[in-house]
>>> print(open('entry_29.cif').read())   # mmCIF, C-alpha atoms
data_run
#
loop_
_atom_site.label_atom_id
_atom_site.label_comp_id
_atom_site.auth_asym_id
_atom_site.auth_seq_id
_atom_site.Cartn_x
_atom_site.Cartn_y
_atom_site.Cartn_z
CA MET A 2 0.00 0.00 0.00
CA GLN A 3 1.39 3.41 -0.98
CA SER A 4 1.54 6.27 1.44
CA THR A 5 -0.75 9.20 0.68
CA ARG A 6 1.34 11.54 2.72
CA SER A 7 2.45 14.57 0.69
CA THR A 8 5.43 16.77 1.19
CA GLN A 9 4.61 20.42 1.47
CA ILE A 10 7.26 22.91 0.47
CA VAL A 11 7.06 26.15 2.38
CA PHE A 12 8.65 29.22 0.84
CA ARG A 13 10.00 31.78 3.26
CA TRP A 14 11.05 35.24 2.15
CA PRO A 15 14.66 36.03 3.00
CA THR A 16 15.00 38.58 5.78
CA PRO A 17 16.13 42.18 5.17
CA ALA A 18 19.35 41.27 7.01
CA PHE A 19 20.00 38.62 4.36
CA PHE A 20 19.65 41.23 1.60
CA ARG A 21 22.00 43.66 3.37
CA THR A 22 24.56 40.87 3.72
CA LEU A 23 24.14 39.93 0.06
CA VAL A 24 24.83 43.50 -1.05
CA PHE A 25 27.79 43.84 1.32
CA VAL A 26 29.30 40.65 -0.10
CA GLY A 27 28.76 42.08 -3.59
CA LEU A 28 30.54 45.29 -2.60
CA VAL A 29 33.51 43.33 -1.28
CA GLY A 30 33.48 41.22 -4.47
CA SER A 31 33.59 44.36 -6.57
CA LEU A 32 36.52 45.60 -4.54
CA LEU A 33 38.35 42.28 -5.00
CA LEU A 34 37.79 42.53 -8.76
CA CYS A 35 39.40 45.97 -8.75
CA PHE A 36 42.38 44.62 -6.82
CA ALA A 37 42.75 41.73 -9.25
CA GLN A 38 42.56 44.07 -12.25
CA SER A 39 45.20 46.37 -10.80
CA GLN A 40 47.35 43.33 -9.93
CA THR A 41 48.06 44.55 -6.42
CA ASN A 42 48.57 42.39 -3.37
CA LYS A 43 46.97 44.94 -1.08
CA GLN A 44 45.38 43.63 2.10
CA PHE A 45 42.04 44.89 3.33
CA SER A 46 42.42 47.79 5.73
CA SER A 47 41.25 47.69 9.30
CA PRO A 48 38.07 49.75 8.63
CA ILE A 49 36.71 46.94 6.43
CA ILE A 50 37.79 44.27 8.92
CA GLU A 51 36.17 46.22 11.77
CA TYR A 52 32.99 46.77 9.77
CA LEU A 53 32.73 43.03 9.06
CA LYS A 54 32.82 42.36 12.80
CA ARG A 55 29.54 44.24 13.34
CA PRO A 56 26.33 42.33 13.91
CA ASP A 57 24.34 42.11 10.68
CA LYS A 58 21.57 44.34 12.04
CA ASP A 59 24.12 47.15 12.55
CA ILE A 60 25.40 47.15 8.97
CA LEU A 61 24.04 50.10 7.01
CA LEU A 62 24.46 49.85 3.29
CA GLY A 63 25.48 53.50 2.87
CA GLU A 64 28.22 53.22 5.48
CA ALA A 65 29.43 49.88 4.12
CA ALA A 66 29.63 51.25 0.58
CA PHE A 67 31.69 54.21 1.80
CA VAL A 68 34.04 52.08 3.93
CA ILE A 69 34.72 49.84 0.96
CA ALA A 70 35.12 52.78 -1.43
CA LEU A 71 37.86 54.17 0.80
CA GLU A 72 40.01 51.22 -0.22
CA LEU A 73 39.99 52.45 -3.82
CA GLU A 74 39.60 56.17 -3.17
CA PRO A 75 41.38 56.92 0.14
CA LYS A 76 40.99 60.69 -0.24
CA ALA A 77 37.20 60.48 -0.55
CA SER A 78 35.21 62.67 1.81
CA PHE A 79 32.46 61.09 3.87
CA ASP A 80 30.91 64.55 4.28
CA VAL A 81 30.56 65.05 0.51
CA TYR A 82 29.19 61.53 0.09
CA SER A 83 26.82 61.85 3.05
CA ARG A 84 25.53 65.25 1.90
CA GLU A 85 24.70 63.88 -1.56
CA VAL A 86 22.86 60.86 -0.14
CA SER A 87 20.96 63.12 2.30
CA LYS A 88 20.08 65.54 -0.51
CA LEU A 89 18.80 62.71 -2.70
CA ALA A 90 16.77 61.23 0.18
CA ALA A 91 15.23 64.65 0.95
CA GLU A 92 14.26 65.08 -2.71
CA VAL A 93 12.65 61.62 -2.73
CA MET A 94 10.70 62.37 0.44
CA ALA A 95 9.52 65.70 -1.01
CA TYR A 96 7.98 63.76 -3.91
CA VAL A 97 6.45 61.17 -1.59
CA GLY A 98 4.85 63.64 0.80
CA THR A 99 2.25 61.80 2.86
CA ASN A 100 1.61 59.12 0.23
CA LYS A 101 2.94 55.83 1.59
CA SER A 102 2.19 53.59 -1.38
CA PRO A 103 4.97 51.41 -2.82
CA GLN A 104 4.23 52.84 -6.28
CA LYS A 105 4.82 56.39 -5.01
CA HIS A 106 8.06 55.37 -3.30
CA ILE A 107 9.39 53.76 -6.49
CA ALA A 108 8.24 56.65 -8.69
CA ALA A 109 9.89 59.17 -6.35
CA LEU A 110 13.18 57.24 -6.35
CA ASN A 111 13.16 56.87 -10.13
CA THR A 112 12.29 60.54 -10.71
CA THR A 113 14.92 61.78 -8.28
CA LEU A 114 17.77 59.53 -9.38
CA PHE A 115 17.20 59.25 -13.10
CA ARG A 116 15.45 62.47 -14.13
CA ASP A 117 16.25 65.23 -11.64
CA ASN A 118 19.81 64.05 -10.89
CA PRO A 119 20.49 62.14 -14.06
CA TYR A 120 22.49 59.15 -12.94
CA ARG A 121 23.19 56.98 -15.96
CA TYR A 122 24.79 53.73 -17.00
CA ASP A 123 28.34 54.24 -18.24
CA THR A 124 27.91 53.12 -21.84
CA ASN A 125 31.65 53.44 -22.38
CA ASP A 126 32.40 50.77 -19.78
CA TYR A 127 30.16 47.77 -20.48
CA HIS A 128 32.58 45.39 -18.79
CA GLY A 129 33.07 47.52 -15.67
CA LEU A 130 36.80 47.99 -16.11
CA LYS A 131 36.98 51.62 -14.95
CA LYS A 132 37.96 51.77 -11.29
CA LYS A 133 35.56 54.65 -10.62
CA ASN A 134 32.64 52.46 -11.67
CA HIS A 135 33.25 50.07 -8.77
CA THR A 136 32.29 52.50 -6.00
CA VAL A 137 29.30 54.63 -5.17
CA ILE A 138 31.68 57.55 -4.62
CA GLY A 139 32.83 57.25 -8.24
CA LEU A 140 29.18 57.12 -9.29
CA ILE A 141 28.30 60.24 -7.29
CA GLU A 142 31.27 62.15 -8.71
CA SER A 143 30.69 61.22 -12.35
CA LYS A 144 26.90 60.55 -12.37
CA THR A 145 27.68 57.38 -14.37
CA GLY A 146 28.00 53.84 -13.08
CA THR A 147 27.45 50.17 -13.74
CA CYS A 148 24.63 47.69 -13.25
CA PHE A 149 26.10 47.16 -9.78
CA THR A 150 26.74 50.69 -8.51
CA LEU A 151 23.51 52.23 -9.81
CA PRO A 152 21.29 49.79 -7.87
CA ILE A 153 23.54 50.20 -4.83
CA LEU A 154 22.94 53.96 -4.85
CA TYR A 155 19.22 53.25 -5.33
CA LEU A 156 19.29 50.96 -2.28
CA ILE A 157 21.28 53.44 -0.19
CA VAL A 158 18.79 56.24 -0.88
CA ALA A 159 15.87 53.86 -0.27
CA GLU A 160 17.44 52.82 3.05
CA ALA A 161 17.86 56.50 4.02
CA CYS A 162 14.14 57.02 3.26
CA GLY A 163 13.12 53.92 5.22
CA PHE A 164 11.69 52.11 2.18
CA PRO A 165 11.72 48.28 2.19
CA ILE A 166 13.76 47.91 -0.99
CA TYR A 167 16.39 45.20 -1.14
CA ALA A 168 18.95 43.78 -3.53
CA VAL A 169 18.29 40.93 -5.89
CA SER A 170 21.38 39.36 -7.37
CA ALA A 171 21.62 37.79 -10.80
CA PRO A 172 24.68 36.76 -12.78
CA GLN A 173 26.70 39.95 -13.33
CA HIS A 174 23.74 42.16 -12.34
CA THR A 175 22.08 43.56 -9.26
CA PHE A 176 18.47 44.66 -9.15
CA ALA A 177 16.29 46.32 -6.53
CA ARG A 178 13.04 44.85 -5.25
CA TYR A 179 10.36 46.49 -3.12
CA VAL A 180 9.32 44.01 -0.43
CA ILE A 181 5.73 44.33 0.77
CA SER A 182 5.56 42.82 4.25
CA ASN A 183 2.21 41.09 3.87
CA PHE A 184 2.74 39.90 0.29
CA TYR A 185 2.04 36.15 -0.04
CA GLY A 186 0.73 36.06 3.51
CA LYS A 187 3.96 37.12 5.15
CA GLY A 188 3.08 39.24 8.14
#
>>> encode(input="entry_29.cif", output="structure tokens")
Amino acid sequence: MQSTRSTQIVFRWPTPAFFRTLVFVGLVGSLLLCFAQSQTNKQFSSPIIEYLKRPDKDILLGEAAFVIALELEPKASFDVYSREVSKLAAEVMAYVGTNKSPQKHIAALNTTLFRDNPYRYDTNDYHGLKKKNHTVIGLIESKTGTCFTLPILYLIVAEACGFPIYAVSAPQHTFARYVISNFYGKG
């Protein structure tokens, strides 16, 4: 007699902490690629090592991106970087106003980043070989980036606005996804 017992597969959404970790790993991977391309044997500095020691819940994407960028651009100014992220977040929130819908959040981010402050894909660097295209600081300075740094800036500004937008990784690409807490019954 065959068993009629069925196996139920339960899908669980990854936690926001998982997404932050995924992006941080991607940032470190991008940095390693830059080191490999420049053929240096440089060791990670203590700020990155110290940042990696933090509990996952204490890792902020904007801070992590800046700490990692300092490896490639040691003269970068956190104040300049922080002011630009704050300015972008304030512009997004001005568009959002009191409307809390996911559609409004996404529209405000897209309008702010891609129309009002025209950040663009660097069409002269399809393979991501330019060092400046591996950091958000390079993106902020040049307004051009790659399919990795553009979504990272998007996520940093979203994080500053308190929007539940997280990274989705695909081969050689990073995307952003708005996570609705009660979607598919998740509460």
>>> residues_near_point(input="entry_29.cif", point="(24.9, 64.8, -1.9)", cutoff="12 Å", atoms="only C-alpha atoms", output="PDB file with C-alpha atoms, in the coordinates of the input")
ATOM      1  CA  SER A  78      35.210  62.670   1.810  1.00  0.00           C
ATOM      2  CA  PHE A  79      32.460  61.090   3.870  1.00  0.00           C
ATOM      3  CA  ASP A  80      30.910  64.550   4.280  1.00  0.00           C
ATOM      4  CA  VAL A  81      30.560  65.050   0.510  1.00  0.00           C
ATOM      5  CA  TYR A  82      29.190  61.530   0.090  1.00  0.00           C
ATOM      6  CA  SER A  83      26.820  61.850   3.050  1.00  0.00           C
ATOM      7  CA  ARG A  84      25.530  65.250   1.900  1.00  0.00           C
ATOM      8  CA  GLU A  85      24.700  63.880  -1.560  1.00  0.00           C
ATOM      9  CA  VAL A  86      22.860  60.860  -0.140  1.00  0.00           C
ATOM     10  CA  SER A  87      20.960  63.120   2.300  1.00  0.00           C
ATOM     11  CA  LYS A  88      20.080  65.540  -0.510  1.00  0.00           C
ATOM     12  CA  LEU A  89      18.800  62.710  -2.700  1.00  0.00           C
ATOM     13  CA  ALA A  90      16.770  61.230   0.180  1.00  0.00           C
ATOM     14  CA  ALA A  91      15.230  64.650   0.950  1.00  0.00           C
ATOM     15  CA  GLU A  92      14.260  65.080  -2.710  1.00  0.00           C
ATOM     16  CA  LEU A 114      17.770  59.530  -9.380  1.00  0.00           C
ATOM     17  CA  ASN A 118      19.810  64.050 -10.890  1.00  0.00           C
ATOM     18  CA  VAL A 137      29.300  54.630  -5.170  1.00  0.00           C
ATOM     19  CA  ILE A 138      31.680  57.550  -4.620  1.00  0.00           C
ATOM     20  CA  LEU A 140      29.180  57.120  -9.290  1.00  0.00           C
ATOM     21  CA  ILE A 141      28.300  60.240  -7.290  1.00  0.00           C
ATOM     22  CA  GLU A 142      31.270  62.150  -8.710  1.00  0.00           C
ATOM     23  CA  LYS A 144      26.900  60.550 -12.370  1.00  0.00           C
ATOM     24  CA  LEU A 154      22.940  53.960  -4.850  1.00  0.00           C
ATOM     25  CA  VAL A 158      18.790  56.240  -0.880  1.00  0.00           C
TER      26      VAL A 158
END
>>> residues_near_point(input="entry_29.cif", point="(18.8, 54.5, 3.5)", cutoff="9 Å", atoms="only C-alpha atoms", output="PDB file with C-alpha atoms, keeping the file's coordinate frame")
ATOM      1  CA  LEU A  61      24.040  50.100   7.010  1.00  0.00           C
ATOM      2  CA  LEU A  62      24.460  49.850   3.290  1.00  0.00           C
ATOM      3  CA  GLY A  63      25.480  53.500   2.870  1.00  0.00           C
ATOM      4  CA  VAL A  86      22.860  60.860  -0.140  1.00  0.00           C
ATOM      5  CA  SER A  87      20.960  63.120   2.300  1.00  0.00           C
ATOM      6  CA  ALA A  90      16.770  61.230   0.180  1.00  0.00           C
ATOM      7  CA  TYR A 155      19.220  53.250  -5.330  1.00  0.00           C
ATOM      8  CA  LEU A 156      19.290  50.960  -2.280  1.00  0.00           C
ATOM      9  CA  ILE A 157      21.280  53.440  -0.190  1.00  0.00           C
ATOM     10  CA  VAL A 158      18.790  56.240  -0.880  1.00  0.00           C
ATOM     11  CA  ALA A 159      15.870  53.860  -0.270  1.00  0.00           C
ATOM     12  CA  GLU A 160      17.440  52.820   3.050  1.00  0.00           C
ATOM     13  CA  ALA A 161      17.860  56.500   4.020  1.00  0.00           C
ATOM     14  CA  CYS A 162      14.140  57.020   3.260  1.00  0.00           C
ATOM     15  CA  GLY A 163      13.120  53.920   5.220  1.00  0.00           C
ATOM     16  CA  PHE A 164      11.690  52.110   2.180  1.00  0.00           C
TER      17      PHE A 164
END
>>> resolve_selection(input="entry_29.cif", expression="the PyMOL selection byres ((chain A and resi 152) around 10)", output="tab-separated table (two decimals) with C-alpha atoms, in the coordinates of the input")
chain	number	residue	atom	x	y	z
A	24	VAL	CA	24.83	43.50	-1.05
A	137	VAL	CA	29.30	54.63	-5.17
A	146	GLY	CA	28.00	53.84	-13.08
A	147	THR	CA	27.45	50.17	-13.74
A	148	CYS	CA	24.63	47.69	-13.25
A	149	PHE	CA	26.10	47.16	-9.78
A	150	THR	CA	26.74	50.69	-8.51
A	151	LEU	CA	23.51	52.23	-9.81
A	153	ILE	CA	23.54	50.20	-4.83
A	154	LEU	CA	22.94	53.96	-4.85
A	155	TYR	CA	19.22	53.25	-5.33
A	156	LEU	CA	19.29	50.96	-2.28
A	157	ILE	CA	21.28	53.44	-0.19
A	158	VAL	CA	18.79	56.24	-0.88
A	167	TYR	CA	16.39	45.20	-1.14
A	168	ALA	CA	18.95	43.78	-3.53
A	169	VAL	CA	18.29	40.93	-5.89
A	174	HIS	CA	23.74	42.16	-12.34
A	175	THR	CA	22.08	43.56	-9.26
A	176	PHE	CA	18.47	44.66	-9.15
A	177	ALA	CA	16.29	46.32	-6.53
A	178	ARG	CA	13.04	44.85	-5.25
>>> axis_aligned_box(input="entry_29.cif", around="region 68-85 of chain A", padding_each_side="5 Å", output="lines of an AutoDock Vina configuration file")
center_x = 33.0
center_y = 57.5
center_z = 0.2
size_x = 26.7
size_y = 25.4
size_z = 18.1
>>> atom_distance(input="entry_29.cif", atom1="CA of Lys76 (chain A)", atom2="CA of Thr136 (chain A)")
13.3 Å
>>> atom_distance(input="entry_29.cif", atom1="CA of Ile60 (chain A)", atom2="CA of Ile166 (chain A)")
15.3 Å
>>> atom_distance(input="entry_29.cif", atom1="CA of Lys133 (chain A)", atom2="CA of Pro48 (chain A)")
20.0 Å
>>> closest_residue(input="entry_29.cif", among="A:Phe67, A:Gly98, A:Gln173, A:Val93", to="Asn111 (chain A)", atoms="only C-alpha atoms")
A:Val93
>>> resolve_selection(input="entry_29.cif", expression="the PyMOL selection byres ((chain A and resi 70) around 9)", output="ChimeraX atom specification")
/A:28,32,65-69,71-75,77,135-139
>>> residues_around(input="entry_29.cif", residues="Thr145 (chain A)", least_positions_apart="5", cutoff="6 Å", atoms="all atoms listed in the file", output="ChimeraX atom specification")
/A:120-123,140
>>> build_atoms(input="entry_29.cif", residues="region 156-167 of chain A", atoms="N, CA, C and O atoms", output="mmCIF file, in the frame of the given file")
data_model
loop_
_atom_site.group_PDB
_atom_site.id
_atom_site.type_symbol
_atom_site.label_atom_id
_atom_site.label_comp_id
_atom_site.auth_asym_id
_atom_site.auth_seq_id
_atom_site.Cartn_x
_atom_site.Cartn_y
_atom_site.Cartn_z
ATOM 1 N N LEU A 156 19.540 51.596 -3.567
ATOM 2 C CA LEU A 156 19.290 50.960 -2.280
ATOM 3 C C LEU A 156 19.708 51.837 -1.103
ATOM 4 O O LEU A 156 19.042 51.862 -0.069
ATOM 5 N N ILE A 157 20.808 52.560 -1.258
ATOM 6 C CA ILE A 157 21.280 53.440 -0.190
ATOM 7 C C ILE A 157 20.272 54.558 0.051
ATOM 8 O O ILE A 157 19.927 54.865 1.197
ATOM 9 N N VAL A 158 19.780 55.169 -1.021
ATOM 10 C CA VAL A 158 18.790 56.240 -0.880
ATOM 11 C C VAL A 158 17.489 55.677 -0.325
ATOM 12 O O VAL A 158 16.863 56.274 0.559
ATOM 13 N N ALA A 159 17.085 54.504 -0.796
ATOM 14 C CA ALA A 159 15.870 53.860 -0.270
ATOM 15 C C ALA A 159 16.016 53.576 1.222
ATOM 16 O O ALA A 159 15.085 53.793 1.999
ATOM 17 N N GLU A 160 17.193 53.094 1.631
ATOM 18 C CA GLU A 160 17.440 52.820 3.050
ATOM 19 C C GLU A 160 17.353 54.117 3.855
ATOM 20 O O GLU A 160 16.752 54.136 4.935
ATOM 21 N N ALA A 161 17.909 55.203 3.325
ATOM 22 C CA ALA A 161 17.860 56.500 4.020
ATOM 23 C C ALA A 161 16.418 56.999 4.160
ATOM 24 O O ALA A 161 16.100 57.701 5.117
ATOM 25 N N CYS A 162 15.549 56.619 3.217
ATOM 26 C CA CYS A 162 14.140 57.020 3.260
ATOM 27 C C CYS A 162 13.283 56.049 4.080
ATOM 28 O O CYS A 162 12.113 56.322 4.341
ATOM 29 N N GLY A 163 13.857 54.915 4.450
ATOM 30 C CA GLY A 163 13.120 53.920 5.220
ATOM 31 C C GLY A 163 12.223 53.037 4.373
ATOM 32 O O GLY A 163 11.294 52.420 4.886
ATOM 33 N N PHE A 164 12.504 52.938 3.075
ATOM 34 C CA PHE A 164 11.690 52.110 2.180
ATOM 35 C C PHE A 164 12.205 50.671 2.207
ATOM 36 O O PHE A 164 13.414 50.442 2.194
ATOM 37 N N PRO A 165 11.306 49.692 2.167
ATOM 38 C CA PRO A 165 11.720 48.280 2.190
ATOM 39 C C PRO A 165 12.131 47.783 0.798
ATOM 40 O O PRO A 165 11.460 46.980 0.167
ATOM 41 N N ILE A 166 13.244 48.291 0.328
ATOM 42 C CA ILE A 166 13.760 47.910 -0.990
ATOM 43 C C ILE A 166 15.092 47.202 -0.769
ATOM 44 O O ILE A 166 15.953 47.708 -0.047
ATOM 45 N N TYR A 167 15.230 46.034 -1.380
ATOM 46 C CA TYR A 167 16.390 45.200 -1.140
ATOM 47 C C TYR A 167 16.998 44.716 -2.442
ATOM 48 O O TYR A 167 16.372 44.747 -3.495
#
